[in-house]
file model_37.csv (CSV, C-alpha atoms)
chain,number,residue,atom,x,y,z
A,1,MET,CA,-23.1,15.0,-0.5
A,2,ALA,CA,-19.9,16.8,-1.2
A,3,LEU,CA,-18.5,14.6,-3.9
A,4,TYR,CA,-18.5,16.2,-7.4
A,5,HIS,CA,-18.6,14.3,-10.7
A,6,PHE,CA,-16.7,16.5,-13.1
A,7,ASN,CA,-16.7,16.9,-16.8
A,8,LEU,CA,-14.3,19.2,-18.6
A,9,ASP,CA,-16.2,22.4,-17.8
A,10,GLY,CA,-16.9,21.4,-14.2
A,11,LEU,CA,-13.2,20.7,-13.6
A,12,LYS,CA,-12.1,23.9,-15.2
A,13,LYS,CA,-14.4,25.9,-13.0
A,14,ALA,CA,-13.3,24.1,-9.8
A,15,VAL,CA,-9.6,24.5,-10.7
A,16,SER,CA,-9.9,28.2,-11.8
A,17,SER,CA,-11.7,29.0,-8.5
A,18,GLY,CA,-8.2,28.7,-7.0
A,19,ASN,CA,-9.6,26.5,-4.2
A,20,LEU,CA,-7.8,23.4,-3.0
A,21,THR,CA,-9.2,20.7,-5.3
A,22,MET,CA,-8.7,16.9,-5.3
A,23,VAL,CA,-9.8,14.9,-8.3
A,24,ASP,CA,-9.8,11.1,-8.6
A,25,PHE,CA,-9.5,9.8,-12.2
A,26,TRP,CA,-11.2,6.4,-12.4
A,27,ALA,CA,-13.2,3.9,-14.6
A,28,SER,CA,-15.7,1.3,-13.7
A,29,TRP,CA,-13.7,-1.6,-15.1
A,30,CYS,CA,-10.7,-0.8,-12.9
A,31,GLY,CA,-10.7,-2.9,-9.6
A,32,PRO,CA,-8.1,-0.7,-7.9
A,33,CYS,CA,-10.2,2.4,-8.7
A,34,ARG,CA,-13.3,0.8,-7.1
A,35,MET,CA,-11.2,0.1,-4.1
A,36,VAL,CA,-10.1,3.7,-3.7
A,37,ALA,CA,-13.7,5.0,-4.2
A,38,PRO,CA,-14.8,4.7,-0.5
A,39,THR,CA,-11.7,6.6,0.6
A,40,ILE,CA,-12.5,9.5,-1.8
A,41,GLU,CA,-16.1,9.6,-0.6
A,42,LYS,CA,-14.9,9.8,3.0
A,43,LEU,CA,-12.5,12.6,2.3
A,44,ALA,CA,-15.2,14.5,0.4
A,45,ASN,CA,-17.3,14.4,3.5
A,46,GLN,CA,-14.5,15.1,5.9
A,47,TYR,CA,-13.2,18.1,4.0
A,48,GLU,CA,-16.5,19.5,3.0
A,49,GLY,CA,-16.3,23.3,3.0
A,50,LYS,CA,-12.4,23.2,3.1
A,51,ALA,CA,-11.6,21.5,-0.3
A,52,ILE,CA,-13.4,20.6,-3.5
A,53,VAL,CA,-13.3,16.8,-3.9
A,54,GLY,CA,-14.5,15.2,-7.1
A,55,LYS,CA,-14.1,12.4,-9.6
A,56,VAL,CA,-13.6,12.1,-13.4
A,57,ASN,CA,-14.7,9.0,-15.2
A,58,THR,CA,-11.9,8.6,-17.8
A,59,ASP,CA,-14.2,6.5,-19.9
A,60,GLU,CA,-16.6,9.5,-20.3
A,61,GLU,CA,-13.9,12.1,-20.5
A,62,PRO,CA,-11.0,10.6,-22.4
A,63,ALA,CA,-9.8,13.9,-23.7
A,64,LEU,CA,-9.6,15.4,-20.2
A,65,ALA,CA,-7.6,12.4,-19.0
A,66,GLN,CA,-5.3,12.7,-22.0
A,67,ALA,CA,-4.8,16.5,-21.5
A,68,LEU,CA,-3.7,15.9,-18.0
A,69,GLY,CA,-1.3,13.1,-19.0
A,70,ILE,CA,-3.1,10.4,-17.0
A,71,MET,CA,-1.3,7.2,-17.8
A,72,ASN,CA,-2.6,4.9,-15.0
A,73,ILE,CA,-5.8,4.8,-13.0
A,74,PRO,CA,-6.5,5.5,-10.3
A,75,THR,CA,-4.6,8.8,-10.4
A,76,VAL,CA,-5.5,11.5,-7.9
A,77,ILE,CA,-4.5,15.1,-8.8
A,78,PHE,CA,-4.5,18.0,-6.4
A,79,PHE,CA,-4.9,21.6,-7.6
A,80,LYS,CA,-4.5,24.9,-5.8
A,81,ASP,CA,-4.4,28.5,-7.0
A,82,GLY,CA,-5.3,27.2,-10.5
A,83,LYS,CA,-2.3,24.9,-10.8
A,84,GLU,CA,-1.5,21.2,-10.2
A,85,ILE,CA,0.4,20.9,-6.9
A,86,ASP,CA,0.6,17.1,-6.5
A,87,ARG,CA,-0.5,13.8,-8.0
A,88,LYS,CA,-0.7,10.3,-6.5
A,89,VAL,CA,-0.7,7.4,-9.0
A,90,GLY,CA,-2.0,4.0,-8.0
A,91,VAL,CA,-3.8,2.9,-4.8
A,92,MET,CA,-2.6,4.8,-1.7
A,93,PRO,CA,-3.7,4.6,1.9
A,94,PRO,CA,-6.3,7.2,2.9
A,95,GLU,CA,-3.6,9.1,4.9
A,96,ALA,CA,-1.6,9.7,1.8
A,97,TYR,CA,-4.4,11.8,0.3
A,98,ALA,CA,-5.4,13.4,3.5
A,99,ALA,CA,-1.7,14.5,4.1
A,100,VAL,CA,-1.7,16.5,0.8
A,101,LEU,CA,-5.0,18.1,1.7
A,102,GLU,CA,-3.9,19.0,5.2
A,103,ALA,CA,-0.6,20.5,4.0
A,104,ASN,CA,-2.4,22.8,1.6
A,105,LEU,CA,-5.6,23.9,3.5
B,1,MET,CA,-19.6,-11.2,0.4
B,2,LYS,CA,-16.9,-10.6,2.9
B,3,TYR,CA,-14.5,-13.6,3.4
B,4,ASP,CA,-12.8,-14.4,6.7
B,5,VAL,CA,-9.5,-15.0,4.9
B,6,ILE,CA,-8.3,-14.0,1.5
B,7,VAL,CA,-5.3,-16.0,0.3
B,8,ILE,CA,-3.3,-14.4,-2.6
B,9,GLY,CA,-1.6,-17.2,-4.5
B,10,GLY,CA,-2.8,-20.7,-5.3
B,11,GLY,CA,0.4,-22.7,-5.0
B,12,PRO,CA,1.3,-25.1,-2.2
B,13,ALA,CA,1.6,-22.4,0.5
B,14,GLY,CA,-1.6,-20.7,-0.4
B,15,LEU,CA,-3.7,-23.9,-0.6
B,16,SER,CA,-2.2,-25.2,2.6
B,17,ALA,CA,-3.1,-21.9,4.4
B,18,ALA,CA,-6.6,-22.1,2.8
B,19,VAL,CA,-7.1,-25.7,4.0
B,20,GLN,CA,-6.1,-24.8,7.6
B,21,ALA,CA,-8.3,-21.8,7.7
B,22,ARG,CA,-11.2,-23.9,6.4
B,23,VAL,CA,-10.6,-26.6,9.0
B,24,ARG,CA,-11.0,-23.7,11.6
B,25,ASN,CA,-14.3,-23.0,9.8
B,26,LYS,CA,-13.3,-19.8,8.3
B,27,SER,CA,-14.6,-18.8,4.8
B,28,VAL,CA,-11.7,-18.6,2.4
B,29,LEU,CA,-11.2,-17.2,-1.0
B,30,VAL,CA,-8.0,-18.0,-2.9
B,31,VAL,CA,-7.0,-15.5,-5.6
B,32,SER,CA,-4.6,-17.0,-8.1
B,33,SER,CA,-3.3,-16.9,-11.6
B,34,PRO,CA,-4.1,-20.1,-13.6
B,35,THR,CA,-2.4,-23.1,-12.0
B,36,ALA,CA,-0.4,-23.7,-15.2
B,37,ASP,CA,1.5,-20.4,-14.5
B,38,LEU,CA,2.8,-21.8,-11.2
B,39,PRO,CA,6.5,-22.9,-11.2
B,40,VAL,CA,5.6,-26.1,-9.4
B,41,TRP,CA,3.2,-27.0,-12.2
B,42,LYS,CA,6.2,-27.3,-14.6
B,43,ALA,CA,8.3,-29.6,-12.3
B,44,GLU,CA,8.5,-32.9,-14.1
B,45,ARG,CA,9.3,-35.0,-11.0
B,46,ILE,CA,9.5,-34.2,-7.3
B,47,ASP,CA,11.4,-36.6,-5.1
B,48,ASN,CA,11.7,-34.8,-1.8
B,49,TYR,CA,8.0,-34.4,-0.8
B,50,LEU,CA,7.7,-36.6,2.2
B,51,GLY,CA,5.7,-39.8,1.6
B,52,LEU,CA,4.8,-39.0,-2.0
B,53,PRO,CA,8.0,-39.3,-4.0
B,54,GLY,CA,8.1,-39.4,-7.8
B,55,LEU,CA,5.0,-37.3,-8.5
B,56,SER,CA,5.1,-34.6,-11.1
B,57,GLY,CA,4.4,-31.0,-10.0
B,58,ALA,CA,1.1,-31.1,-11.9
B,59,GLU,CA,0.0,-34.3,-10.1
B,60,LEU,CA,0.8,-32.9,-6.7
B,61,MET,CA,-1.0,-29.6,-7.5
B,62,GLU,CA,-4.0,-31.6,-8.7
B,63,ARG,CA,-4.1,-33.4,-5.3
B,64,PHE,CA,-3.7,-30.1,-3.4
B,65,GLU,CA,-6.4,-28.4,-5.3
B,66,ALA,CA,-8.8,-31.3,-4.9
B,67,HIS,CA,-8.2,-31.3,-1.2
B,68,ALA,CA,-8.9,-27.5,-0.9
B,69,GLN,CA,-12.0,-27.8,-3.1
B,70,GLU,CA,-13.4,-30.6,-1.0
B,71,LEU,CA,-13.1,-28.5,2.1
B,72,GLY,CA,-15.1,-25.6,0.4
B,73,VAL,CA,-12.2,-23.3,-0.4
B,74,GLU,CA,-13.5,-20.8,-3.0
B,75,ARG,CA,-11.3,-19.9,-6.0
B,76,ARG,CA,-10.9,-16.8,-8.2
B,77,THR,CA,-8.7,-16.9,-11.2
B,78,GLY,CA,-7.1,-13.5,-11.8
B,79,ARG,CA,-4.4,-11.2,-10.6
B,80,ALA,CA,-4.5,-9.4,-7.3
B,81,LEU,CA,-3.4,-5.9,-8.2
B,82,ASN,CA,-3.7,-4.1,-4.9
B,83,ALA,CA,-4.7,-4.6,-1.3
B,84,MET,CA,-5.5,-2.0,1.3
B,85,PRO,CA,-6.7,-2.0,4.9
B,86,MET,CA,-10.3,-0.7,5.2
B,87,ASP,CA,-12.6,-0.7,8.3
B,88,GLY,CA,-10.8,-3.4,10.1
B,89,GLY,CA,-10.5,-5.7,7.1
B,90,PHE,CA,-9.0,-5.5,3.6
B,91,PHE,CA,-10.0,-4.7,0.1
B,92,VAL,CA,-8.3,-6.6,-2.7
B,93,ALA,CA,-8.6,-5.5,-6.3
B,94,VAL,CA,-8.7,-8.5,-8.6
B,95,ASP,CA,-8.5,-7.2,-12.2
B,96,SER,CA,-11.7,-5.2,-12.6
B,97,ASP,CA,-13.3,-6.5,-9.4
B,98,VAL,CA,-12.9,-5.9,-5.7
B,99,VAL,CA,-13.1,-8.6,-3.0
B,100,GLU,CA,-13.2,-8.1,0.8
B,101,GLY,CA,-11.8,-10.1,3.6
B,102,ASN,CA,-10.9,-9.8,7.3
B,103,ALA,CA,-7.4,-11.3,7.1
B,104,LEU,CA,-4.9,-11.8,4.3
B,105,VAL,CA,-2.4,-14.5,3.6
B,106,LEU,CA,0.2,-13.6,0.9
B,107,ALA,CA,1.5,-16.7,-0.9
B,108,SER,CA,2.3,-15.2,-4.2
B,109,GLY,CA,5.6,-16.9,-4.8
B,110,VAL,CA,8.6,-15.3,-6.4
B,111,SER,CA,7.7,-15.9,-10.0
B,112,GLN,CA,7.4,-12.1,-10.7
B,113,GLY,CA,11.2,-11.8,-10.7
B,114,PRO,CA,13.1,-8.6,-10.2
B,115,ALA,CA,11.9,-5.3,-11.6
B,116,LEU,CA,13.2,-4.5,-15.2
B,117,PRO,CA,15.7,-1.7,-15.6
B,118,GLY,CA,13.6,1.5,-15.9
B,119,GLU,CA,10.4,-0.1,-14.5
B,120,LEU,CA,10.1,1.5,-11.1
B,121,GLU,CA,11.3,4.9,-12.5
B,122,HIS,CA,8.4,4.9,-14.9
B,123,LEU,CA,5.5,3.9,-12.6
B,124,GLY,CA,2.7,6.3,-13.4
B,125,ALA,CA,4.7,7.5,-16.5
B,126,GLY,CA,3.9,4.8,-19.0
B,127,VAL,CA,4.4,1.6,-17.0
B,128,SER,CA,1.2,-0.4,-16.2
B,129,TYR,CA,0.5,-3.7,-14.6
B,130,CYS,CA,-3.2,-3.8,-15.6
B,131,ALA,CA,-4.4,-3.9,-19.2
B,132,THR,CA,-8.0,-3.8,-18.0
B,133,CYS,CA,-7.5,-0.7,-16.0
B,134,ASP,CA,-5.3,1.5,-18.2
B,135,GLY,CA,-5.9,0.1,-21.7
B,136,MET,CA,-8.3,2.9,-22.6
B,137,LEU,CA,-5.7,5.5,-21.8
B,138,TYR,CA,-3.6,4.2,-24.6
B,139,ARG,CA,-6.1,4.0,-27.4
B,140,ASN,CA,-4.5,4.8,-30.8
B,141,LYS,CA,-1.1,4.7,-29.2
B,142,ASP,CA,1.9,2.4,-29.4
B,143,VAL,CA,2.2,0.0,-26.5
B,144,VAL,CA,4.5,-2.9,-25.7
B,145,VAL,CA,3.1,-5.9,-23.9
B,146,VAL,CA,5.7,-7.8,-22.0
B,147,GLY,CA,4.1,-11.2,-21.7
B,148,LYS,CA,5.3,-13.2,-18.6
B,149,SER,CA,2.1,-15.1,-17.9
B,150,THR,CA,-0.3,-17.5,-19.7
B,151,HIS,CA,-3.0,-14.7,-19.5
B,152,ALA,CA,-0.8,-12.1,-21.2
B,153,PRO,CA,-1.8,-13.0,-24.8
B,154,GLU,CA,-5.5,-12.6,-23.9
B,155,GLU,CA,-4.8,-9.2,-22.4
B,156,ALA,CA,-2.7,-8.2,-25.4
B,157,ASN,CA,-5.7,-9.1,-27.6
B,158,TYR,CA,-7.9,-7.0,-25.4
B,159,LEU,CA,-5.6,-4.0,-25.9
B,160,HIS,CA,-5.5,-4.6,-29.6
B,161,GLY,CA,-9.3,-4.7,-29.6
B,162,LEU,CA,-9.4,-1.3,-27.9
B,163,GLY,CA,-7.4,0.2,-30.6
B,164,CYS,CA,-3.9,0.2,-29.1
B,165,ARG,CA,-1.1,-0.5,-31.5
B,166,VAL,CA,0.4,-3.5,-29.7
B,167,THR,CA,3.8,-5.2,-30.0
B,168,TYR,CA,4.1,-8.3,-27.9
B,169,VAL,CA,7.5,-9.1,-26.4
B,170,SER,CA,8.3,-12.4,-24.7
B,171,ALA,CA,11.0,-14.9,-24.3
B,172,LYS,CA,9.0,-17.7,-25.9
B,173,ALA,CA,6.5,-17.7,-28.7
B,174,PRO,CA,3.0,-16.9,-27.2
B,175,GLU,CA,0.0,-19.1,-27.5
B,176,GLY,CA,-3.4,-17.6,-28.3
B,177,LEU,CA,-2.2,-14.2,-29.5
B,178,ASP,CA,-4.2,-12.5,-32.3
B,179,PRO,CA,-2.1,-13.0,-35.5
B,180,ALA,CA,-2.4,-9.3,-36.2
B,181,ILE,CA,-0.2,-8.5,-33.3
B,182,PRO,CA,3.6,-8.4,-34.1
B,183,VAL,CA,5.7,-10.5,-31.8
B,184,VAL,CA,9.3,-9.8,-30.7
B,185,GLN,CA,11.1,-12.6,-29.0
B,186,ALA,CA,13.7,-11.2,-26.6
B,187,LYS,CA,15.1,-12.0,-23.1
B,188,ARG,CA,17.0,-8.9,-22.0
B,189,LEU,CA,14.5,-6.0,-21.6
B,190,SER,CA,14.8,-2.5,-20.3
B,191,ILE,CA,12.4,0.4,-20.3
B,192,LEU,CA,13.6,3.7,-21.9
B,193,GLY,CA,12.5,7.3,-21.6
B,194,GLU,CA,13.3,10.6,-19.9
B,195,GLY,CA,10.3,11.2,-17.7
B,196,LYS,CA,7.7,9.3,-19.7
B,197,VAL,CA,8.2,6.0,-21.4
B,198,SER,CA,9.6,6.3,-24.9
B,199,GLY,CA,10.4,2.7,-25.7
B,200,VAL,CA,11.5,-0.7,-24.7
B,201,GLU,CA,14.9,-2.1,-25.5
B,202,ALA,CA,14.6,-5.8,-26.3
B,203,ASP,CA,17.9,-7.6,-26.8
B,204,GLY,CA,19.5,-4.4,-28.0
B,205,ASN,CA,16.7,-3.3,-30.4
B,206,THR,CA,14.6,-0.3,-29.5
B,207,ILE,CA,10.8,-0.6,-29.9
B,208,PRO,CA,9.3,2.9,-29.6
B,209,CYS,CA,6.1,3.1,-27.5
B,210,ASP,CA,4.0,5.3,-25.3
B,211,GLY,CA,3.3,2.6,-22.7
B,212,VAL,CA,4.5,-0.7,-21.5
B,213,PHE,CA,2.2,-3.3,-20.0
B,214,LEU,CA,4.2,-5.7,-17.7
B,215,LEU,CA,2.0,-8.7,-17.4
B,216,ARG,CA,3.4,-11.1,-14.9
B,217,SER,CA,1.5,-13.9,-13.1
B,218,ALA,CA,1.7,-12.0,-9.8
B,219,VAL,CA,2.3,-8.4,-8.7
B,220,ALA,CA,5.3,-7.8,-6.5
B,221,PRO,CA,4.3,-7.8,-2.8
B,222,THR,CA,5.3,-4.2,-2.1
B,223,GLN,CA,3.3,-3.1,-5.1
B,224,LEU,CA,0.4,-5.1,-3.9
B,225,LEU,CA,0.4,-3.8,-0.3
B,226,PRO,CA,2.3,-0.6,0.4
B,227,GLY,CA,4.0,-0.5,3.8
B,228,LEU,CA,4.9,-4.2,3.8
B,229,GLU,CA,8.3,-4.7,5.2
B,230,LEU,CA,10.8,-6.8,3.3
B,231,ASP,CA,13.9,-8.7,4.2
B,232,GLY,CA,16.0,-8.4,1.1
B,233,PRO,CA,13.8,-9.5,-1.8
B,234,TYR,CA,11.5,-11.5,0.5
B,235,ILE,CA,8.6,-10.6,2.8
B,236,ARG,CA,9.7,-10.2,6.4
B,237,VAL,CA,7.8,-12.6,8.7
B,238,ASP,CA,8.1,-13.9,12.3
B,239,ARG,CA,7.6,-17.5,13.5
B,240,ASN,CA,3.8,-17.0,13.3
B,241,MET,CA,4.3,-16.1,9.6
B,242,ALA,CA,2.9,-12.6,10.6
B,243,THR,CA,4.1,-9.6,8.6
B,244,ASN,CA,4.6,-6.2,10.0
B,245,LEU,CA,1.0,-5.3,9.1
B,246,PRO,CA,-1.8,-6.5,11.5
B,247,GLY,CA,-3.9,-9.2,10.0
B,248,VAL,CA,-1.5,-9.9,7.1
B,249,PHE,CA,0.4,-13.2,7.0
B,250,ALA,CA,2.7,-14.6,4.4
B,251,ALA,CA,3.9,-18.1,3.5
B,252,GLY,CA,5.9,-20.0,0.9
B,253,ASP,CA,8.5,-18.8,-1.6
B,254,CYS,CA,7.6,-15.1,-1.0
B,255,THR,CA,9.1,-15.3,2.5
B,256,GLY,CA,12.5,-16.7,1.4
B,257,LEU,CA,14.7,-19.7,0.8
B,258,PRO,CA,14.6,-22.7,0.5
B,259,LEU,CA,12.0,-22.5,-2.4
B,260,GLN,CA,10.7,-26.0,-1.6
B,261,ILE,CA,7.2,-27.5,-1.5
B,262,SER,CA,7.4,-28.9,2.0
B,263,LYS,CA,8.5,-25.6,3.4
B,264,ALA,CA,5.7,-23.8,1.6
B,265,VAL,CA,3.1,-26.3,2.9
B,266,GLY,CA,4.4,-26.0,6.5
B,267,GLU,CA,4.5,-22.2,6.4
B,268,GLY,CA,1.0,-22.2,4.8
B,269,LEU,CA,-0.2,-24.3,7.7
B,270,VAL,CA,1.2,-21.8,10.3
B,271,ALA,CA,-0.2,-18.8,8.3
B,272,GLY,CA,-3.6,-20.3,8.0
B,273,LEU,CA,-3.9,-21.2,11.6
B,274,ARG,CA,-2.6,-17.9,12.8
B,275,ALA,CA,-4.9,-16.0,10.5
B,276,ALA,CA,-7.8,-18.0,12.0
B,277,GLU,CA,-6.6,-17.2,15.5
B,278,TYR,CA,-6.2,-13.5,14.6
B,279,LEU,CA,-9.9,-13.5,13.5
B,280,ASP,CA,-11.0,-15.2,16.7
B,281,HIS,CA,-9.4,-12.5,18.8
B,282,GLN,CA,-11.0,-9.6,16.8
call {"tool": "encode", "arguments": {"input": "model_37.csv", "output": "structure tokens"}}
result
Amino acid sequence: MALYHFNLDGLKKAVSSGNLTMVDFWASWCGPCRMVAPTIEKLANQYEGKAIVGKVNTDEEPALAQALGIMNIPTVIFFKDGKEIDRKVGVMPPEAYAAVLEANL
Amino acid sequence: MKYDVIVIGGGPAGLSAAVQARVRNKSVLVVSSPTADLPVWKAERIDNYLGLPGLSGAELMERFEAHAQELGVERRTGRALNAMPMDGGFFVAVDSDVVEGNALVLASGVSQGPALPGELEHLGAGVSYCATCDGMLYRNKDVVVVGKSTHAPEEANYLHGLGCRVTYVSAKAPEGLDPAIPVVQAKRLSILGEGKVSGVEADGNTIPCDGVFLLRSAVAPTQLLPGLELDGPYIRVDRNMATNLPGVFAAGDCTGLPLQISKAVGEGLVAGLRAAEYLDHQ
């Protein structure tokens, strides 16, 4: 299974590796987050070896969510070369996430 | 459980669609705000509904609901926040839950009104439609709850309980709000802030805040379902009440004028039948 569950250290490592990284910020009480979850899982499998795909539970990592200025969930942030390159707020169709990954492989 | 048809909206159009789909033996879930939030509920007397003149909106709705219930239509009280196509069907997020269906009927009315000045610019930057989802992100921060539904005071209480510093703004005095939450009565609202939300202007007075929770009885259709085509402020449909998205139908006030019960019931019938046919051809 290629889907990571990040805490602060894990996410730091992934981002600082410079690899293309996609992170879904979610919480269990959020219906829209649960709706996006299967899409994130699919993309994690589809892009295994090409991009790092993971999730952050904002309930368990509130400081991390705050540091990244997350104001709504779900929010999906893309990193490359150690920097944020894009973010998608709210529920998006799978293609919207895949397009960012494709454009930055 | 995966339903055949999920109807979003429990007014005349939604219940009519639900009844028709049930008559075609489809399993149906209606997702709706409390009936008391519906505009029709507040109508004192309705004289142009054929054959049943003189009933109040509440009396008519009680009959519609009893009919739907008798036929086995299931109900879920809550707000549909998002819908998305998935594996030939649809996921619909209802507050903190997710329901699944194979076809959708949108019958959410027009009670959500136009977007506030500054609302769309601040999506993802301090504007939220879901207290349950985003409340934790505003712990120990100042938030404004704009209450436009009967559920809003309850959600404001929830945010207060999480540790958000809540100010409640609405046109009328709210019922059931925690007395510890300050209330501002105002009608003209706009959302302020360069980039992120910095405050809400309420009838000329600025209330500083980090986040605004806009709690209406229904989410605007294009927020609900990205890619849905509109015709002006209304959902674009054809004579089959089909939208531009396969498997998605719409009926009632959300498709346009006249905003009348007979029209909503008629459109709901078409949408319910066509949704059932759509499923039979899958």
call {"tool": "closest_atom_pairs", "arguments": {"input": "model_37.csv", "of": "chain B", "to": "chain A", "cutoff": "9 Å", "atoms": "only C-alpha atoms", "output": "Markdown table"}}
result
| residue | atom | partner | partner_atom | distance |
| --- | --- | --- | --- | --- |
| B:Leu81 | CA | A:Pro32 | CA | 7.0 |
| B:Asn82 | CA | A:Pro32 | CA | 6.3 |
| B:Ala83 | CA | A:Val91 | CA | 8.3 |
| B:Met84 | CA | A:Pro93 | CA | 6.9 |
| B:Pro85 | CA | A:Pro93 | CA | 7.8 |
| B:Met86 | CA | A:Thr39 | CA | 8.7 |
| B:Phe91 | CA | A:Met35 | CA | 6.5 |
| B:Val92 | CA | A:Met35 | CA | 7.4 |
| B:Ala93 | CA | A:Gly31 | CA | 4.7 |
| B:Val94 | CA | A:Gly31 | CA | 6.0 |
| B:Asp95 | CA | A:Gly31 | CA | 5.5 |
| B:Ser96 | CA | A:Gly31 | CA | 3.9 |
| B:Asp97 | CA | A:Gly31 | CA | 4.4 |
| B:Val98 | CA | A:Gly31 | CA | 5.4 |
| B:Val99 | CA | A:Met35 | CA | 9.0 |
| B:Leu123 | CA | A:Val89 | CA | 8.0 |
| B:Gly124 | CA | A:Val89 | CA | 5.7 |
| B:Ala125 | CA | A:Met71 | CA | 6.1 |
| B:Gly126 | CA | A:Met71 | CA | 5.9 |
| B:Val127 | CA | A:Asn72 | CA | 8.0 |
| B:Ser128 | CA | A:Asn72 | CA | 6.6 |
| B:Cys130 | CA | A:Cys30 | CA | 8.5 |
| B:Thr132 | CA | A:Cys30 | CA | 6.5 |
| B:Cys133 | CA | A:Cys30 | CA | 4.5 |
| B:Asp134 | CA | A:Asn72 | CA | 5.4 |
| B:Gly135 | CA | A:Asn72 | CA | 8.9 |
| B:Met136 | CA | A:Asp59 | CA | 7.4 |
| B:Leu137 | CA | A:Met71 | CA | 6.2 |
| B:Tyr138 | CA | A:Met71 | CA | 7.8 |
| B:Gly211 | CA | A:Met71 | CA | 8.1 |
| B:Pro226 | CA | A:Met92 | CA | 7.6 |
call {"tool": "atom_distance", "arguments": {"input": "model_37.csv", "atom1": "CA of Ala220 in chain B", "atom2": "CA of Met241 in chain B"}}
result
18.1 Å
call {"tool": "atom_distance", "arguments": {"input": "model_37.csv", "atom1": "CA of Ala80 in chain B", "atom2": "CA of Val219 in chain B"}}
result
7.0 Å
call {"tool": "residues_around", "arguments": {"input": "model_37.csv", "residues": "range 95-103 of chain A", "least_positions_apart": "2", "cutoff": "10 Å", "atoms": "only C-alpha atoms", "output": "PyMOL selection string"}}
result
chain A and resi 20-22+39-40+43+46-47+50-51+76-79+85-88+91-93+105
call {"tool": "atom_distance", "arguments": {"input": "model_37.csv", "atom1": "CA of Val212 in chain B", "atom2": "CA of Ala115 in chain B"}}
result
13.2 Å
call {"tool": "closest_residue", "arguments": {"input": "model_37.csv", "among": "A:Glu41, A:Gly18, A:Ala67, A:Leu3", "to": "Asn104 in chain A", "atoms": "all atoms listed in the file"}}
result
A:Gly18
call {"tool": "residues_around", "arguments": {"input": "model_37.csv", "residues": "His5 in chain A", "least_positions_apart": "3", "cutoff": "7 Å", "atoms": "only C-alpha atoms", "output": "ChimeraX atom specification"}}
result
/A:54-56
call {"tool": "residues_around", "arguments": {"input": "model_37.csv", "residues": "Ser108 in chain B", "least_positions_apart": "5", "cutoff": "7 Å", "atoms": "only C-alpha atoms", "output": "JSON, numbers by chain"}}
result
{"B": [8, 9, 218, 254]}
call {"tool": "closest_residue", "arguments": {"input": "model_37.csv", "among": "A:Leu64, A:Asp81, A:Asp24, A:Gly49", "to": "Ala37 in chain A", "atoms": "all atoms listed in the file"}}
result
A:Asp24
call {"tool": "closest_residue", "arguments": {"input": "model_37.csv", "among": "A:Asn19, A:Glu61, A:Ile52, A:Asn45", "to": "Tyr4 in chain A", "atoms": "only C-alpha atoms"}}
result
A:Ile52
call {"tool": "residues_around", "arguments": {"input": "model_37.csv", "residues": "Phe213 in chain B", "least_positions_apart": "3", "cutoff": "10 Å", "atoms": "all atoms listed in the file", "output": "MDAnalysis selection string"}}
result
chainID B and resid 126:131 134:135 143:147 152 155:156 159 166 168 216
call {"tool": "residues_around", "arguments": {"input": "model_37.csv", "residues": "Asp37 in chain B", "least_positions_apart": "3", "cutoff": "9 Å", "atoms": "only C-alpha atoms", "output": "list of chain:residue names"}}
result
B:Ser33, B:Pro34, B:Val40, B:Trp41, B:Lys42, B:Ser111, B:Ser149, B:Thr150, B:His151, B:Ser217
call {"tool": "build_atoms", "arguments": {"input": "model_37.csv", "residues": "range 250-259 of chain B", "atoms": "N, CA and C atoms", "output": "PDB file, in the coordinates of the input"}}
result
ATOM      1  N   ALA B 250       2.122 -14.233   5.686  1.00  0.00           N
ATOM      2  CA  ALA B 250       2.700 -14.600   4.400  1.00  0.00           C
ATOM      3  C   ALA B 250       3.333 -16.002   4.552  1.00  0.00           C
ATOM      4  N   ALA B 251       3.417 -16.716   3.448  1.00  0.00           N
ATOM      5  CA  ALA B 251       3.900 -18.100   3.500  1.00  0.00           C
ATOM      6  C   ALA B 251       4.465 -18.486   2.109  1.00  0.00           C
ATOM      7  N   GLY B 252       5.421 -19.398   2.134  1.00  0.00           N
ATOM      8  CA  GLY B 252       5.900 -20.000   0.900  1.00  0.00           C
ATOM      9  C   GLY B 252       7.125 -19.216   0.332  1.00  0.00           C
ATOM     10  N   ASP B 253       7.325 -19.356  -0.964  1.00  0.00           N
ATOM     11  CA  ASP B 253       8.500 -18.800  -1.600  1.00  0.00           C
ATOM     12  C   ASP B 253       8.655 -17.279  -1.349  1.00  0.00           C
ATOM     13  N   CYS B 254       7.532 -16.572  -1.198  1.00  0.00           N
ATOM     14  CA  CYS B 254       7.600 -15.100  -1.000  1.00  0.00           C
ATOM     15  C   CYS B 254       8.264 -14.714   0.290  1.00  0.00           C
ATOM     16  N   THR B 255       8.429 -15.668   1.234  1.00  0.00           N
ATOM     17  CA  THR B 255       9.100 -15.300   2.500  1.00  0.00           C
ATOM     18  C   THR B 255      10.558 -15.707   2.516  1.00  0.00           C
ATOM     19  N   GLY B 256      11.031 -16.435   1.509  1.00  0.00           N
ATOM     20  CA  GLY B 256      12.500 -16.700   1.400  1.00  0.00           C
ATOM     21  C   GLY B 256      12.820 -18.150   1.176  1.00  0.00           C
ATOM     22  N   LEU B 257      14.123 -18.388   1.134  1.00  0.00           N
ATOM     23  CA  LEU B 257      14.700 -19.700   0.800  1.00  0.00           C
ATOM     24  C   LEU B 257      14.449 -20.682   1.985  1.00  0.00           C
ATOM     25  N   PRO B 258      14.462 -21.998   1.753  1.00  0.00           N
ATOM     26  CA  PRO B 258      14.600 -22.700   0.500  1.00  0.00           C
ATOM     27  C   PRO B 258      13.219 -22.653  -0.274  1.00  0.00           C
ATOM     28  N   LEU B 259      13.257 -22.568  -1.593  1.00  0.00           N
ATOM     29  CA  LEU B 259      12.000 -22.500  -2.400  1.00  0.00           C
ATOM     30  C   LEU B 259      11.592 -23.976  -2.642  1.00  0.00           C
TER      31      LEU B 259
END
